[in-house]
Amino acid sequence: MPFVELFIPKGSLDQEQRERIGGRLVSEVMVAEGAPDTETAKAISWLVVNETDAWFVGGRQLPAGEKPRYVVRVGVPAGSMNDDKRRDIVQRVTCVLAEADTDPDRFAEPTTAWVHINEIPEGNWGAAGQIVRIEDIAAFVTSG
């Protein structure tokens, strides 16, 4: 199940944009992962929005009012991805961001949004005070 972090310059999103992104981003990643659409799977699929005070590009701080840049980090268990799933995650995340932005066409440019997929090595994911392995996650989400 994904842990998604959205990084944006502080004040870049209004409440409606935040809700549009927050309401869809994790579910789109879950679809790309092939995760079941169950309440149990959703309960361990999280999104955190990080609004940063300063955003620099090429050593220059972005001025207030400039269109925001986005970075989305998607943490998933290693072994759960292949190139098709990674590609699908990048496309789905980019689409969600573009649909919430006032200028969706700019997401065709590589300078607008980056998506980093971090595959957490087996044995490096934990919950409830225990190491959680991919088969534990699969058992949890399929058992309900």
# chains A, B, ... in the order shown; residues from 1 in each chain; ligands from 1
$ residues_around --residues "segment 120-133 of chain A" --least-positions-apart "6" --cutoff "7 Å" --atoms "only C-alpha atoms" --output "number ranges by chain"
A: 75-78
$ write_last_selection --atoms "C-alpha atoms" --output "PDB file, in the first residue's frame"
ATOM      1  CA  GLY A  75       6.631   4.752  -1.168  1.00  0.00           C
ATOM      2  CA  VAL A  76       5.697   1.163  -1.951  1.00  0.00           C
ATOM      3  CA  PRO A  77       7.041  -2.219  -0.848  1.00  0.00           C
ATOM      4  CA  ALA A  78       9.878  -3.502  -3.030  1.00  0.00           C
TER       5      ALA A  78
END
$ select_by_dssp --residues "chain A" --states "helix (DSSP H, G or I)" --output "PyMOL selection string"
chain A and resi 15-33+39-43+83-100+104-108+134-143
$ closest_atom_pairs --of "segment 50-131 of chain A" --to "segment 10-27 of chain A" --cutoff "12 Å" --atoms "only C-alpha atoms" --output "JSON lines"
{"residue": "A:Asn50", "atom": "CA", "partner": "A:Lys10", "partner_atom": "CA", "distance": 8.3}
{"residue": "A:Glu51", "atom": "CA", "partner": "A:Lys10", "partner_atom": "CA", "distance": 4.5}
{"residue": "A:Thr52", "atom": "CA", "partner": "A:Lys10", "partner_atom": "CA", "distance": 5.1}
{"residue": "A:Asp53", "atom": "CA", "partner": "A:Lys10", "partner_atom": "CA", "distance": 5.5}
{"residue": "A:Ala54", "atom": "CA", "partner": "A:Lys10", "partner_atom": "CA", "distance": 7.8}
{"residue": "A:Trp55", "atom": "CA", "partner": "A:Lys10", "partner_atom": "CA", "distance": 8.8}
{"residue": "A:Leu62", "atom": "CA", "partner": "A:Lys10", "partner_atom": "CA", "distance": 11.1}
{"residue": "A:Pro63", "atom": "CA", "partner": "A:Lys10", "partner_atom": "CA", "distance": 11.5}
{"residue": "A:Ala64", "atom": "CA", "partner": "A:Ser12", "partner_atom": "CA", "distance": 9.1}
{"residue": "A:Gly65", "atom": "CA", "partner": "A:Ser12", "partner_atom": "CA", "distance": 8.3}
{"residue": "A:Glu66", "atom": "CA", "partner": "A:Ser12", "partner_atom": "CA", "distance": 9.1}
{"residue": "A:Lys67", "atom": "CA", "partner": "A:Ser12", "partner_atom": "CA", "distance": 7.8}
{"residue": "A:Pro68", "atom": "CA", "partner": "A:Ser12", "partner_atom": "CA", "distance": 6.1}
{"residue": "A:Arg69", "atom": "CA", "partner": "A:Ser12", "partner_atom": "CA", "distance": 9.0}
{"residue": "A:Tyr70", "atom": "CA", "partner": "A:Ser12", "partner_atom": "CA", "distance": 9.8}
{"residue": "A:Val72", "atom": "CA", "partner": "A:Leu25", "partner_atom": "CA", "distance": 9.7}
{"residue": "A:Arg73", "atom": "CA", "partner": "A:Val26", "partner_atom": "CA", "distance": 11.2}
{"residue": "A:Val74", "atom": "CA", "partner": "A:Val26", "partner_atom": "CA", "distance": 9.1}
{"residue": "A:Gly75", "atom": "CA", "partner": "A:Val26", "partner_atom": "CA", "distance": 11.0}
{"residue": "A:Val76", "atom": "CA", "partner": "A:Val26", "partner_atom": "CA", "distance": 11.6}
{"residue": "A:Ile89", "atom": "CA", "partner": "A:Leu25", "partner_atom": "CA", "distance": 9.7}
{"residue": "A:Val90", "atom": "CA", "partner": "A:Leu25", "partner_atom": "CA", "distance": 11.0}
{"residue": "A:Gln91", "atom": "CA", "partner": "A:Leu25", "partner_atom": "CA", "distance": 11.3}
{"residue": "A:Arg92", "atom": "CA", "partner": "A:Leu25", "partner_atom": "CA", "distance": 8.0}
{"residue": "A:Val93", "atom": "CA", "partner": "A:Leu25", "partner_atom": "CA", "distance": 6.3}
{"residue": "A:Thr94", "atom": "CA", "partner": "A:Leu25", "partner_atom": "CA", "distance": 9.4}
{"residue": "A:Cys95", "atom": "CA", "partner": "A:Leu25", "partner_atom": "CA", "distance": 9.4}
{"residue": "A:Val96", "atom": "CA", "partner": "A:Ile21", "partner_atom": "CA", "distance": 6.2}
{"residue": "A:Leu97", "atom": "CA", "partner": "A:Ile21", "partner_atom": "CA", "distance": 6.5}
{"residue": "A:Ala98", "atom": "CA", "partner": "A:Ile21", "partner_atom": "CA", "distance": 9.5}
{"residue": "A:Glu99", "atom": "CA", "partner": "A:Arg20", "partner_atom": "CA", "distance": 8.5}
{"residue": "A:Ala100", "atom": "CA", "partner": "A:Gln17", "partner_atom": "CA", "distance": 5.4}
{"residue": "A:Asp101", "atom": "CA", "partner": "A:Gln17", "partner_atom": "CA", "distance": 7.3}
{"residue": "A:Thr102", "atom": "CA", "partner": "A:Gln17", "partner_atom": "CA", "distance": 9.5}
{"residue": "A:Val115", "atom": "CA", "partner": "A:Leu25", "partner_atom": "CA", "distance": 11.9}
$ atom_distance --atom1 "atom CA of Val57 of chain A" --atom2 "atom CA of Ile117 of chain A"
21.0 Å
$ closest_residue --among "A:Ser80, A:Thr112, A:Ser45, A:Thr142" --to "Glu33 of chain A" --atoms "only C-alpha atoms"
A:Ser80
$ closest_residue --among "A:Gly79, A:Gly58, A:Pro9, A:Pro2" --to "Ala41 of chain A" --atoms "only C-alpha atoms"
A:Pro2
$ atom_distance --atom1 "atom CA of Ala35 of chain A" --atom2 "atom CA of Glu5 of chain A"
18.4 Å
$ atom_distance --atom1 "atom CA of Ala138 of chain A" --atom2 "atom CA of Asp37 of chain A"
12.8 Å
$ select_by_dssp --residues "segment 12-116 of chain A" --states "strand (DSSP E or B)" --output "PyMOL selection string"
chain A and resi 46-52+56-57+60-61+70-77+113-116
$ residues_around --residues "Ile44 of chain A" --least-positions-apart "5" --cutoff "9 Å" --atoms "only C-alpha atoms" --output "PyMOL selection string"
chain A and resi 1-3+39+141
$ write_last_selection --atoms "N, CA and C atoms" --output "PDB file, in the first residue's frame"
ATOM      1  N   MET A   1       0.842  -1.161   0.000  1.00  0.00           N
ATOM      2  CA  MET A   1       0.000   0.000   0.000  1.00  0.00           C
ATOM      3  C   MET A   1       0.896   1.236   0.000  1.00  0.00           C
ATOM      4  N   PRO A   2       0.461   2.244  -0.663  1.00  0.00           N
ATOM      5  CA  PRO A   2       1.357   3.394  -0.829  1.00  0.00           C
ATOM      6  C   PRO A   2       1.357   4.341   0.360  1.00  0.00           C
ATOM      7  N   PHE A   3       2.505   4.981   0.517  1.00  0.00           N
ATOM      8  CA  PHE A   3       2.627   6.161   1.361  1.00  0.00           C
ATOM      9  C   PHE A   3       3.055   7.258   0.400  1.00  0.00           C
ATOM     10  N   GLU A  39     -11.951  -1.100   2.072  1.00  0.00           N
ATOM     11  CA  GLU A  39     -11.704  -0.178   3.187  1.00  0.00           C
ATOM     12  C   GLU A  39     -10.420  -0.537   3.924  1.00  0.00           C
ATOM     13  N   VAL A 141      -4.725  -6.911   3.500  1.00  0.00           N
ATOM     14  CA  VAL A 141      -5.721  -6.251   2.656  1.00  0.00           C
ATOM     15  C   VAL A 141      -6.718  -7.224   2.035  1.00  0.00           C
TER      16      VAL A 141
END
$ closest_residue --among "A:Ala32, A:Arg86, A:Ile8, A:Ala139" --to "Glu119 of chain A" --atoms "only C-alpha atoms"
A:Arg86
